[in-house]
>>> print(open('input-v2.tsv').read())   # TSV, C-alpha atoms (C1' of nucleotides)
chain	number	residue	atom	x	y	z
G	1	MET	CA	24.57	70.01	75.44
G	2	LEU	CA	22.57	67.36	73.69
G	3	PHE	CA	21.89	69.51	70.62
G	4	TRP	CA	25.62	69.92	70.17
G	5	LYS	CA	26.23	66.19	70.22
G	6	LYS	CA	23.34	64.97	68.11
G	7	GLY	CA	22.32	67.97	66.03
G	8	PHE	CA	18.86	69.43	65.64
G	9	SER	CA	16.70	66.92	63.81
G	10	THR	CA	18.11	63.77	65.40
G	11	THR	CA	17.46	65.04	68.91
G	12	SER	CA	13.96	64.13	70.04
G	13	THR	CA	11.83	66.31	72.25
G	14	ARG	CA	11.55	63.45	74.78
G	15	ASP	CA	15.34	63.38	75.15
G	16	LEU	CA	15.25	67.13	75.62
G	17	GLN	CA	12.53	66.81	78.26
G	18	THR	CA	14.70	64.60	80.41
G	19	VAL	CA	17.88	66.61	79.91
G	20	VAL	CA	16.34	69.98	80.79
G	21	ASP	CA	13.92	68.34	83.26
G	22	MET	CA	10.80	70.02	81.95
G	23	ARG	CA	7.51	68.68	80.68
G	24	PRO	CA	6.37	69.51	77.12
G	25	GLY	CA	3.99	72.27	78.17
G	26	SER	CA	6.69	74.20	80.03
G	27	ILE	CA	9.16	73.88	77.20
G	28	TYR	CA	6.67	75.06	74.63
G	29	SER	CA	5.52	77.99	76.73
G	30	ALA	CA	9.12	79.05	77.30
G	31	PHE	CA	10.62	78.49	73.84
G	32	GLY	CA	7.61	78.14	71.52
G	33	SER	CA	8.99	75.17	69.67
G	34	LYS	CA	11.87	72.74	69.35
G	35	GLU	CA	13.34	75.21	66.89
G	36	GLY	CA	13.16	77.99	69.48
G	37	LEU	CA	14.96	75.91	72.08
G	38	TYR	CA	17.62	75.03	69.55
G	39	SER	CA	18.06	78.66	68.53
G	40	GLU	CA	18.58	79.61	72.13
G	41	SER	CA	21.22	76.94	72.76
G	42	LEU	CA	23.05	77.85	69.56
G	43	LYS	CA	23.21	81.48	70.67
G	44	VAL	CA	24.46	80.45	74.09
G	45	TYR	CA	27.10	78.26	72.44
G	46	ALA	CA	28.28	81.15	70.26
G	47	THR	CA	28.58	83.57	73.18
G	48	GLN	CA	30.45	81.04	75.28
G	49	LEU	CA	32.86	80.39	72.42
G	50	LYS	CA	33.41	84.10	72.04
G	51	LEU	CA	34.00	84.50	75.77
G	52	LEU	CA	36.43	81.58	75.83
G	53	LEU	CA	38.41	83.12	72.99
G	54	ALA	CA	38.44	86.54	74.64
G	55	SER	CA	39.69	85.15	77.94
G	56	HIS	CA	42.56	83.33	76.24
G	57	ILE	CA	43.53	86.48	74.34
G	58	GLU	CA	43.56	88.48	77.57
G	59	ASN	CA	45.73	86.00	79.41
G	60	SER	CA	48.36	85.73	76.70
G	61	GLU	CA	51.33	87.86	75.80
G	62	THR	CA	50.54	87.98	72.11
G	63	VAL	CA	47.37	87.59	70.08
G	64	VAL	CA	48.81	84.59	68.24
G	65	ASP	CA	49.64	82.91	71.55
G	66	GLY	CA	46.08	83.58	72.67
G	67	LEU	CA	44.66	81.96	69.57
G	68	HIS	CA	47.00	79.04	70.09
G	69	ALA	CA	45.89	78.56	73.69
G	70	PHE	CA	42.27	78.84	72.61
G	71	VAL	CA	42.68	76.11	70.01
G	72	VAL	CA	44.48	73.86	72.48
G	73	THR	CA	41.73	74.26	75.07
G	74	VAL	CA	38.93	73.60	72.60
G	75	LEU	CA	40.58	70.53	71.13
G	76	GLU	CA	41.66	68.99	74.41
G	77	SER	CA	38.36	69.48	76.21
G	78	ALA	CA	36.35	67.93	73.37
G	79	GLU	CA	33.93	65.43	74.87
G	80	ASP	CA	32.50	62.51	72.97
G	81	GLY	CA	30.37	63.71	70.09
G	82	CYS	CA	31.37	67.34	70.58
G	83	GLU	CA	34.59	67.24	68.58
G	84	VAL	CA	33.09	69.33	65.84
G	85	CYS	CA	32.07	72.95	66.45
G	86	MET	CA	28.32	73.20	67.01
G	87	LEU	CA	28.16	76.15	64.60
G	88	ILE	CA	29.85	74.16	61.85
G	89	LYS	CA	27.59	71.19	62.50
G	90	ALA	CA	24.60	73.53	62.28
G	91	SER	CA	25.82	75.07	59.04
G	92	THR	CA	26.04	71.65	57.39
G	93	GLU	CA	22.64	70.57	58.75
G	94	PHE	CA	20.43	73.46	57.63
G	95	ASP	CA	19.53	74.58	54.15
G	96	HIS	CA	16.85	76.80	52.61
G	97	THR	CA	14.13	74.46	53.88
G	98	GLN	CA	14.89	75.68	57.44
G	99	PRO	CA	15.37	79.39	56.75
G	100	LYS	CA	15.31	80.64	60.33
G	101	LEU	CA	17.95	78.25	61.62
G	102	LYS	CA	20.01	78.69	58.48
G	103	THR	CA	20.19	82.47	58.68
G	104	LEU	CA	20.83	82.37	62.42
G	105	THR	CA	23.74	80.00	61.87
G	106	ASP	CA	25.14	82.09	59.03
G	107	ASP	CA	24.89	85.24	61.13
G	108	LEU	CA	26.69	83.70	64.11
G	109	LEU	CA	29.45	82.33	61.88
G	110	GLN	CA	29.85	85.70	60.23
G	111	GLN	CA	30.06	87.31	63.67
G	112	PHE	CA	32.81	84.91	64.68
G	113	GLU	CA	34.71	85.58	61.47
G	114	HIS	CA	34.47	89.28	62.13
G	115	ASP	CA	35.82	88.85	65.66
G	116	LEU	CA	38.71	86.84	64.28
G	117	SER	CA	39.44	89.51	61.67
G	118	THR	CA	39.68	92.10	64.43
G	119	LEU	CA	42.14	89.93	66.30
G	120	PHE	CA	44.30	89.39	63.25
G	121	TYR	CA	44.23	93.12	62.56
G	122	ILE	CA	45.63	93.73	66.03
G	123	ALA	CA	48.21	90.99	65.54
G	124	GLN	CA	49.40	92.72	62.39
G	125	GLN	CA	49.51	96.10	64.07
G	126	ARG	CA	51.69	94.62	66.78
G	127	GLY	CA	54.02	93.14	64.21
G	128	GLU	CA	53.19	89.55	65.16
G	129	LEU	CA	52.13	88.71	61.61
G	130	ALA	CA	53.06	89.88	58.12
G	131	ASN	CA	50.98	92.37	56.18
G	132	THR	CA	51.05	90.22	53.06
G	133	HIS	CA	47.40	89.32	53.56
G	134	SER	CA	44.35	91.10	54.93
G	135	PRO	CA	43.02	90.33	58.42
G	136	LEU	CA	39.98	88.75	56.78
G	137	GLU	CA	42.19	86.41	54.78
G	138	TYR	CA	43.95	85.38	57.96
G	139	ALA	CA	40.59	84.80	59.60
G	140	ARG	CA	39.51	82.58	56.74
G	141	LEU	CA	42.71	80.57	56.89
G	142	PHE	CA	42.22	80.14	60.63
G	143	GLN	CA	38.65	78.94	60.27
G	144	ILE	CA	39.40	76.52	57.44
G	145	GLN	CA	42.32	75.11	59.36
G	146	PHE	CA	40.40	74.92	62.61
G	147	THR	CA	37.39	73.24	61.05
G	148	GLY	CA	39.49	70.75	59.12
G	149	LEU	CA	41.53	69.95	62.17
G	150	ARG	CA	38.53	69.32	64.41
G	151	SER	CA	37.02	67.09	61.77
G	152	TYR	CA	40.26	65.17	61.41
G	153	LEU	CA	40.57	64.61	65.15
G	154	HIS	CA	37.19	62.91	65.01
G	155	ARG	CA	38.93	59.83	63.63
G	156	PRO	CA	40.07	56.96	65.81
G	157	MET	CA	43.62	56.96	67.15
G	158	SER	CA	44.12	60.58	66.19
G	159	LYS	CA	44.29	62.08	69.69
G	160	PRO	CA	48.07	61.62	70.07
G	161	MET	CA	48.64	63.79	67.00
G	162	THR	CA	46.69	66.72	68.37
G	163	GLU	CA	49.69	68.70	69.51
G	164	GLN	CA	51.64	68.16	66.32
G	165	LEU	CA	48.71	69.17	64.12
G	166	ILE	CA	48.08	72.34	66.12
G	167	GLY	CA	51.77	73.11	65.68
G	168	MET	CA	51.37	72.68	61.93
G	169	MET	CA	48.33	74.95	61.92
G	170	PHE	CA	50.16	77.84	63.55
G	171	THR	CA	53.29	77.37	61.48
G	172	LEU	CA	51.11	77.77	58.41
G	173	ILE	CA	49.47	80.88	59.82
G	174	LYS	CA	52.77	82.51	60.77
G	175	ASN	CA	54.22	81.82	57.31
G	176	TYR	CA	51.11	82.96	55.47
P	1	MET	CA	22.39	60.74	46.11
P	2	LEU	CA	19.87	61.53	48.80
P	3	PHE	CA	21.95	59.95	51.57
P	4	TRP	CA	24.78	62.31	50.65
P	5	LYS	CA	22.59	65.36	50.95
P	6	LYS	CA	20.62	64.54	54.08
P	7	GLY	CA	22.74	62.01	55.93
P	8	PHE	CA	21.65	58.63	57.23
P	9	SER	CA	19.17	59.16	60.02
P	10	THR	CA	17.35	62.15	58.53
P	11	THR	CA	16.64	60.30	55.29
P	12	SER	CA	13.39	58.38	55.57
P	13	THR	CA	12.76	55.05	53.92
P	14	ARG	CA	9.77	56.58	52.07
P	15	ASP	CA	12.02	59.18	50.48
P	16	LEU	CA	14.38	56.39	49.50
P	17	GLN	CA	11.52	54.39	48.00
P	18	THR	CA	10.67	57.20	45.59
P	19	VAL	CA	14.28	58.00	44.70
P	20	VAL	CA	15.31	54.42	43.91
P	21	ASP	CA	11.78	53.60	42.66
P	22	MET	CA	11.37	50.42	44.67
P	23	ARG	CA	8.75	49.30	47.12
P	24	PRO	CA	9.78	48.43	50.71
P	25	GLY	CA	9.79	44.67	50.13
P	26	SER	CA	12.21	44.88	47.22
P	27	ILE	CA	14.56	47.19	49.07
P	28	TYR	CA	14.64	44.99	52.14
P	29	SER	CA	15.19	41.81	50.12
P	30	ALA	CA	18.05	43.48	48.25
P	31	PHE	CA	19.80	45.36	51.06
P	32	GLY	CA	18.44	43.86	54.27
P	33	SER	CA	17.93	47.17	55.99
P	34	LYS	CA	18.19	50.92	55.65
P	35	GLU	CA	21.68	50.52	57.08
P	36	GLY	CA	22.59	48.06	54.33
P	37	LEU	CA	21.43	50.43	51.61
P	38	TYR	CA	23.41	53.25	53.20
P	39	SER	CA	26.53	51.11	53.46
P	40	GLU	CA	26.30	50.30	49.79
P	41	SER	CA	25.92	53.91	48.71
P	42	LEU	CA	28.80	54.99	50.92
P	43	LYS	CA	31.02	52.38	49.32
P	44	VAL	CA	29.94	53.48	45.86
P	45	TYR	CA	30.67	57.07	46.82
P	46	ALA	CA	34.16	56.16	48.01
P	47	THR	CA	35.04	54.23	44.86
P	48	GLN	CA	33.76	57.00	42.63
P	49	LEU	CA	35.81	59.54	44.55
P	50	LYS	CA	38.86	57.36	44.16
P	51	LEU	CA	38.23	56.95	40.43
P	52	LEU	CA	37.73	60.68	39.98
P	53	LEU	CA	41.02	61.36	41.71
P	54	ALA	CA	42.85	58.72	39.66
P	55	SER	CA	41.56	60.09	36.38
P	56	HIS	CA	42.70	63.60	37.25
P	57	ILE	CA	46.14	62.32	38.19
P	58	GLU	CA	46.43	60.45	34.91
P	59	ASN	CA	45.46	63.44	32.80
P	60	SER	CA	47.88	65.84	34.47
P	61	GLU	CA	51.56	66.51	33.96
P	62	THR	CA	52.42	66.41	37.65
P	63	VAL	CA	50.81	64.79	40.69
P	64	VAL	CA	50.29	68.17	42.31
P	65	ASP	CA	48.52	69.47	39.21
P	66	GLY	CA	46.34	66.38	39.28
P	67	LEU	CA	45.38	66.99	42.89
P	68	HIS	CA	44.68	70.60	42.04
P	69	ALA	CA	42.40	69.66	39.15
P	70	PHE	CA	40.66	67.11	41.37
P	71	VAL	CA	39.93	69.70	44.03
P	72	VAL	CA	38.67	72.19	41.44
P	73	THR	CA	36.31	69.62	39.93
P	74	VAL	CA	34.92	68.52	43.28
P	75	LEU	CA	34.37	72.05	44.53
P	76	GLU	CA	32.84	73.42	41.34
P	77	SER	CA	30.48	70.54	40.75
P	78	ALA	CA	29.13	70.64	44.29
P	79	GLU	CA	25.35	70.54	44.09
P	80	ASP	CA	23.06	71.89	46.77
P	81	GLY	CA	23.53	69.99	50.00
P	82	CYS	CA	26.51	68.04	48.69
P	83	GLU	CA	29.17	70.63	49.43
P	84	VAL	CA	30.62	68.51	52.21
P	85	CYS	CA	32.23	65.14	51.47
P	86	MET	CA	29.83	62.29	52.18
P	87	LEU	CA	32.59	60.43	54.05
P	88	ILE	CA	33.21	63.41	56.31
P	89	LYS	CA	29.52	63.86	56.92
P	90	ALA	CA	29.31	60.17	57.79
P	91	SER	CA	32.26	60.37	60.17
P	92	THR	CA	30.58	63.17	62.13
P	93	GLU	CA	27.21	61.40	62.18
P	94	PHE	CA	28.19	57.99	63.55
P	95	ASP	CA	29.57	57.06	66.94
P	96	HIS	CA	29.90	53.85	68.94
P	97	THR	CA	26.12	53.44	69.04
P	98	GLN	CA	26.23	52.60	65.30
P	99	PRO	CA	29.33	50.42	65.22
P	100	LYS	CA	28.94	48.98	61.73
P	101	LEU	CA	28.53	52.32	59.99
P	102	LYS	CA	31.24	53.86	62.14
P	103	THR	CA	33.89	51.28	61.34
P	104	LEU	CA	32.93	51.26	57.66
P	105	THR	CA	33.35	55.04	57.53
P	106	ASP	CA	36.64	54.93	59.39
P	107	ASP	CA	37.96	52.23	57.05
P	108	LEU	CA	37.01	54.13	53.90
P	109	LEU	CA	38.59	57.33	55.22
P	110	GLN	CA	41.75	55.44	56.13
P	111	GLN	CA	41.81	53.97	52.62
P	112	PHE	CA	41.55	57.42	51.09
P	113	GLU	CA	44.31	58.73	53.32
P	114	HIS	CA	46.50	55.83	52.26
P	115	ASP	CA	45.86	56.57	48.58
P	116	LEU	CA	46.79	60.19	49.15
P	117	SER	CA	49.99	59.17	50.93
P	118	THR	CA	50.99	57.11	47.92
P	119	LEU	CA	50.40	60.07	45.64
P	120	PHE	CA	52.46	62.39	47.81
P	121	TYR	CA	55.21	59.79	47.93
P	122	ILE	CA	55.33	59.82	44.13
P	123	ALA	CA	55.26	63.62	44.09
P	124	GLN	CA	58.28	63.68	46.36
P	125	GLN	CA	60.11	61.09	44.26
P	126	ARG	CA	59.56	63.26	41.21
P	127	GLY	CA	60.89	66.29	43.03
P	128	GLU	CA	57.56	68.13	42.97
P	129	LEU	CA	57.52	68.52	46.71
P	130	ALA	CA	60.13	68.84	49.45
P	131	ASN	CA	61.20	65.92	51.63
P	132	THR	CA	60.82	67.93	54.82
P	133	HIS	CA	57.70	65.98	55.74
P	134	SER	CA	56.54	62.42	55.26
P	135	PRO	CA	53.95	61.55	52.59
P	136	LEU	CA	51.48	60.81	55.39
P	137	GLU	CA	51.96	64.27	56.83
P	138	TYR	CA	51.28	65.77	53.43
P	139	ALA	CA	48.18	63.60	53.13
P	140	ARG	CA	46.94	64.85	56.49
P	141	LEU	CA	47.54	68.46	55.54
P	142	PHE	CA	45.65	67.89	52.30
P	143	GLN	CA	42.66	66.33	54.04
P	144	ILE	CA	42.44	68.96	56.75
P	145	GLN	CA	42.68	71.71	54.19
P	146	PHE	CA	40.20	70.04	51.85
P	147	THR	CA	37.65	69.38	54.58
P	148	GLY	CA	37.94	72.87	56.01
P	149	LEU	CA	37.64	74.41	52.58
P	150	ARG	CA	34.53	72.47	51.64
P	151	SER	CA	32.93	73.37	54.94
P	152	TYR	CA	33.79	77.03	54.44
P	153	LEU	CA	32.32	77.10	50.94
P	154	HIS	CA	29.05	75.99	52.47
P	155	ARG	CA	28.51	79.57	53.59
P	156	PRO	CA	26.50	82.08	51.61
P	157	MET	CA	28.29	84.35	49.12
P	158	SER	CA	31.45	82.26	49.32
P	159	LYS	CA	31.38	80.81	45.81
P	160	PRO	CA	33.34	83.70	44.22
P	161	MET	CA	36.26	82.99	46.57
P	162	THR	CA	36.56	79.36	45.55
P	163	GLU	CA	39.45	79.87	43.15
P	164	GLN	CA	41.41	82.06	45.52
P	165	LEU	CA	41.00	79.64	48.42
P	166	ILE	CA	42.10	76.67	46.32
P	167	GLY	CA	45.13	78.71	45.35
P	168	MET	CA	45.87	79.30	49.03
P	169	MET	CA	45.51	75.61	49.75
P	170	PHE	CA	48.11	74.58	47.20
P	171	THR	CA	50.49	77.37	48.10
P	172	LEU	CA	50.42	76.03	51.65
P	173	ILE	CA	51.04	72.48	50.45
P	174	LYS	CA	53.95	73.49	48.19
P	175	ASN	CA	55.58	75.47	51.01
P	176	TYR	CA	55.01	72.76	53.62
N	1	DT	C1'	-8.91	83.52	103.34
N	2	DT	C1'	-10.46	84.14	98.92
N	3	DT	C1'	-9.51	85.53	94.05
N	4	DT	C1'	-6.74	85.93	90.34
N	5	DA	C1'	-2.98	85.09	87.53
N	6	DA	C1'	0.86	82.30	86.02
N	7	DC	C1'	3.04	78.12	85.50
N	8	DT	C1'	3.32	73.02	85.25
N	9	DT	C1'	1.63	68.58	84.16
N	10	DG	C1'	0.98	64.41	81.31
N	11	DA	C1'	-2.42	62.14	78.51
N	12	DA	C1'	-3.56	62.32	73.84
N	13	DC	C1'	-3.20	63.79	68.76
N	14	DA	C1'	-2.02	63.03	64.06
N	15	DA	C1'	1.73	62.33	61.30
N	16	DC	C1'	5.78	59.79	60.46
N	17	DT	C1'	9.39	56.10	61.36
N	18	DG	C1'	11.74	51.42	59.90
N	19	DC	C1'	10.13	47.27	58.66
N	20	DT	C1'	7.13	42.81	57.72
N	21	DC	C1'	4.55	39.58	55.14
N	22	DA	C1'	0.68	37.43	52.69
N	23	DA	C1'	-0.88	37.93	48.20
N	24	DA	C1'	-0.08	39.05	43.42
N	25	DA	C1'	2.81	39.39	39.35
N	26	DA	C1'	6.70	38.04	36.53
N	27	DC	C1'	9.66	34.81	35.00
N	28	DA	C1'	11.75	30.09	33.97
N	29	DA	C1'	11.82	25.20	32.77
N	30	DC	C1'	9.53	21.54	30.86
M	1	DG	C1'	0.15	25.30	28.95
M	2	DT	C1'	1.48	23.99	33.32
M	3	DT	C1'	4.26	23.92	37.06
M	4	DG	C1'	7.60	25.77	40.19
M	5	DT	C1'	10.50	29.69	41.55
M	6	DT	C1'	11.73	34.23	42.19
M	7	DT	C1'	10.55	39.01	42.60
M	8	DT	C1'	7.45	42.82	43.49
M	9	DT	C1'	3.68	44.86	45.68
M	10	DG	C1'	1.43	47.78	49.22
M	11	DA	C1'	-1.51	47.55	53.23
M	12	DG	C1'	-0.40	47.41	57.83
M	13	DC	C1'	2.38	46.86	62.37
M	14	DA	C1'	4.29	48.82	66.45
M	15	DG	C1'	6.93	52.41	67.87
M	16	DT	C1'	8.44	57.38	67.69
M	17	DT	C1'	7.93	62.15	66.34
M	18	DG	C1'	6.63	67.38	67.42
M	19	DT	C1'	2.99	69.54	69.51
M	20	DT	C1'	-1.45	70.69	72.01
M	21	DC	C1'	-4.52	71.52	75.77
M	22	DA	C1'	-7.74	70.75	79.62
M	23	DA	C1'	-6.91	69.94	84.27
M	24	DG	C1'	-4.00	70.56	88.21
M	25	DT	C1'	-0.59	73.08	91.01
M	26	DT	C1'	1.65	77.00	92.76
M	27	DA	C1'	2.29	81.81	93.84
M	28	DA	C1'	0.81	86.58	94.36
M	29	DA	C1'	-2.84	90.20	95.32
M	30	DA	C1'	-6.84	91.49	97.73
>>> encode(input="input-v2.tsv", output="structure tokens")
Amino acid sequence: MLFWKKGFSTTSTRDLQTVVDMRPGSIYSAFGSKEGLYSESLKVYATQLKLLLASHIENSETVVDGLHAFVVTVLESAEDGCEVCMLIKASTEFDHTQPKLKTLTDDLLQQFEHDLSTLFYIAQQRGELANTHSPLEYARLFQIQFTGLRSYLHRPMSKPMTEQLIGMMFTLIKNY
Amino acid sequence: MLFWKKGFSTTSTRDLQTVVDMRPGSIYSAFGSKEGLYSESLKVYATQLKLLLASHIENSETVVDGLHAFVVTVLESAEDGCEVCMLIKASTEFDHTQPKLKTLTDDLLQQFEHDLSTLFYIAQQRGELANTHSPLEYARLFQIQFTGLRSYLHRPMSKPMTEQLIGMMFTLIKNY
DNA sequence: TTTTAACTTGAACAACTGCTCAAAAACAAC
DNA sequence: GTTGTTTTTGAGCAGTTGTTCAAGTTAAAA
């Protein structure tokens, strides 16, 4: 999606018109505003991310393996300009001057953190991970690591290190 | 700086005029273009970051303590909109369609990574850290952790966790 | 087939964008 | 004080922005 690549304010409505193949009137009667269209795509992004994670958890032996597979998929399928999570990009773009988009972003991020916490709770119950830290603390570590990693892989010549850095990430999590 | 807060393309030249108190003609005779002015401020940002790091290293017993103090200072003095490193923000904003700004950003980030490597090399020489990984690997871990942390602290109600998360970051580094 | 309702179109809007350039002001050398 | 040089000014340009709205098209109901 174009909003993912370029962000909200640097994407023009004319670009959007061509990419969704609608004329201004139709867009504005369907979404109300550029903001409305963005909101909708951010929600779609969040649900798809959630679904992708869920499917990897289901198809893996352990929760940790599922998270690992999820990270691999996300990082390896990153197209140009979409290396960074759209939610993270949104959270750095909006402040109190765009209250609606800010609170929406915060809510979706909180939702994702909660989903992760649940997964880490299950991982602990199954004995995959230690009980030295709370599920929420694990979720925070995961997010910080994931965000930092995706940002780092935005640099030139960094692709070959992807596998090694993911390995590092999960070593850190397992030893946490 | 305004460019730090809002990024390159969402900062208008009129806003810049008021903040640097110059009229268009003066700005364009001094910097050539909006791009030139941005380049200059990014360079200034990078040198100031380097100086800040160096001063914390000098005033600390160990290299690791210096890095710790540096991180604390950066995270606690983060004003509104400047939670994320300007270099990181720049690296997510520019792609091949803005080659000059992209390569400048990449170069400055590479420089910073090199400086960090040197510091971690010294830390290893002094026996502060293990030799299980190369200085460059330590530098990468630091950057990923630092970037992820700063992004995470952009969320609402996260300020009280700052200290704890920095603690986590350095525990991970020491055990790496 | 006619009437009504719903959707789509694209020209046009006011505001904003990065940037230019002739004129004015400030400064320097003599 | 006069000349020459450098710097600053701000009105204005051509292009883009998000958005509107009357007119046109399509689809459903009668």
>>> atom_distance(input="input-v2.tsv", atom1="CA of Arg150 in chain G", atom2="CA of Met168 in chain G")
13.5 Å
>>> residues_around(input="input-v2.tsv", residues="range 4-9 of chain M", least_positions_apart="5", cutoff="10 Å", atoms="all atoms listed in the file", output="list in words")
Met22, Arg23, Pro24, Gly25, Ser26 and Ser29 of chain P; DA23, DA24, DA25, DA26, DC27, DA28 and DA29 of chain N
>>> interface_residues(input="input-v2.tsv", of="chain M", to="chain G", cutoff="10 Å", atoms="all atoms listed in the file", output="PDB file with C-alpha atoms (C1' of nucleotides), in the frame of the given file")
ATOM      1  C1'  DT M  16       8.440  57.380  67.690  1.00  0.00           C
ATOM      2  C1'  DT M  17       7.930  62.150  66.340  1.00  0.00           C
ATOM      3  C1'  DG M  18       6.630  67.380  67.420  1.00  0.00           C
ATOM      4  C1'  DT M  19       2.990  69.540  69.510  1.00  0.00           C
ATOM      5  C1'  DT M  20      -1.450  70.690  72.010  1.00  0.00           C
ATOM      6  C1'  DC M  21      -4.520  71.520  75.770  1.00  0.00           C
TER       7       DC M  21
END
>>> atom_distance(input="input-v2.tsv", atom1="CA of Gly7 in chain G", atom2="CA of Ala90 in chain G")
7.1 Å
>>> interface_residues(input="input-v2.tsv", of="chain G", to="chain P", cutoff="8 Å", atoms="only C-alpha atoms", output="ChimeraX atom specification")
/G:6,9-10,81,84,88,91-93,95,106,143-149,151-152,154-156,172,176
>>> residues_around(input="input-v2.tsv", residues="DC13 in chain M", least_positions_apart="5", cutoff="12 Å", atoms="all atoms listed in the file", output="number ranges by chain")
N: 17-21
>>> write_last_selection(input="input-v2.tsv", atoms="C-alpha atoms (C1' of nucleotides)", output="compact mmCIF listing (two decimals), in the coordinates of the input")
# COMPACT_ATOMS: atom_id res chain seq x y z
C1' DT N 17 9.39 56.10 61.36
C1' DG N 18 11.74 51.42 59.90
C1' DC N 19 10.13 47.27 58.66
C1' DT N 20 7.13 42.81 57.72
C1' DC N 21 4.55 39.58 55.14
>>> closest_residue(input="input-v2.tsv", among="N:DA22, N:DA5, N:DA14, N:DC30", to="chain P", atoms="only C-alpha atoms (C1' of nucleotides)")
N:DA22
>>> atom_distance(input="input-v2.tsv", atom1="CA of Glu76 in chain G", atom2="CA of Lys50 in chain G")
17.4 Å
>>> residues_near_point(input="input-v2.tsv", point="(15.2, 54.7, 51.7)", cutoff="9 Å", atoms="only C-alpha atoms (C1' of nucleotides)", output="PyMOL selection string")
chain P and resi 2-3+11-20+24+27+34+37-38
>>> write_last_selection(input="input-v2.tsv", atoms="C-alpha atoms", output="JSON list (two decimals), in the coordinates of the input")
[["chain", "number", "residue", "atom", "x", "y", "z"],
["P", 2, "LEU", "CA", 19.87, 61.53, 48.80],
["P", 3, "PHE", "CA", 21.95, 59.95, 51.57],
["P", 11, "THR", "CA", 16.64, 60.30, 55.29],
["P", 12, "SER", "CA", 13.39, 58.38, 55.57],
["P", 13, "THR", "CA", 12.76, 55.05, 53.92],
["P", 14, "ARG", "CA", 9.77, 56.58, 52.07],
["P", 15, "ASP", "CA", 12.02, 59.18, 50.48],
["P", 16, "LEU", "CA", 14.38, 56.39, 49.50],
["P", 17, "GLN", "CA", 11.52, 54.39, 48.00],
["P", 18, "THR", "CA", 10.67, 57.20, 45.59],
["P", 19, "VAL", "CA", 14.28, 58.00, 44.70],
["P", 20, "VAL", "CA", 15.31, 54.42, 43.91],
["P", 24, "PRO", "CA", 9.78, 48.43, 50.71],
["P", 27, "ILE", "CA", 14.56, 47.19, 49.07],
["P", 34, "LYS", "CA", 18.19, 50.92, 55.65],
["P", 37, "LEU", "CA", 21.43, 50.43, 51.61],
["P", 38, "TYR", "CA", 23.41, 53.25, 53.20]]
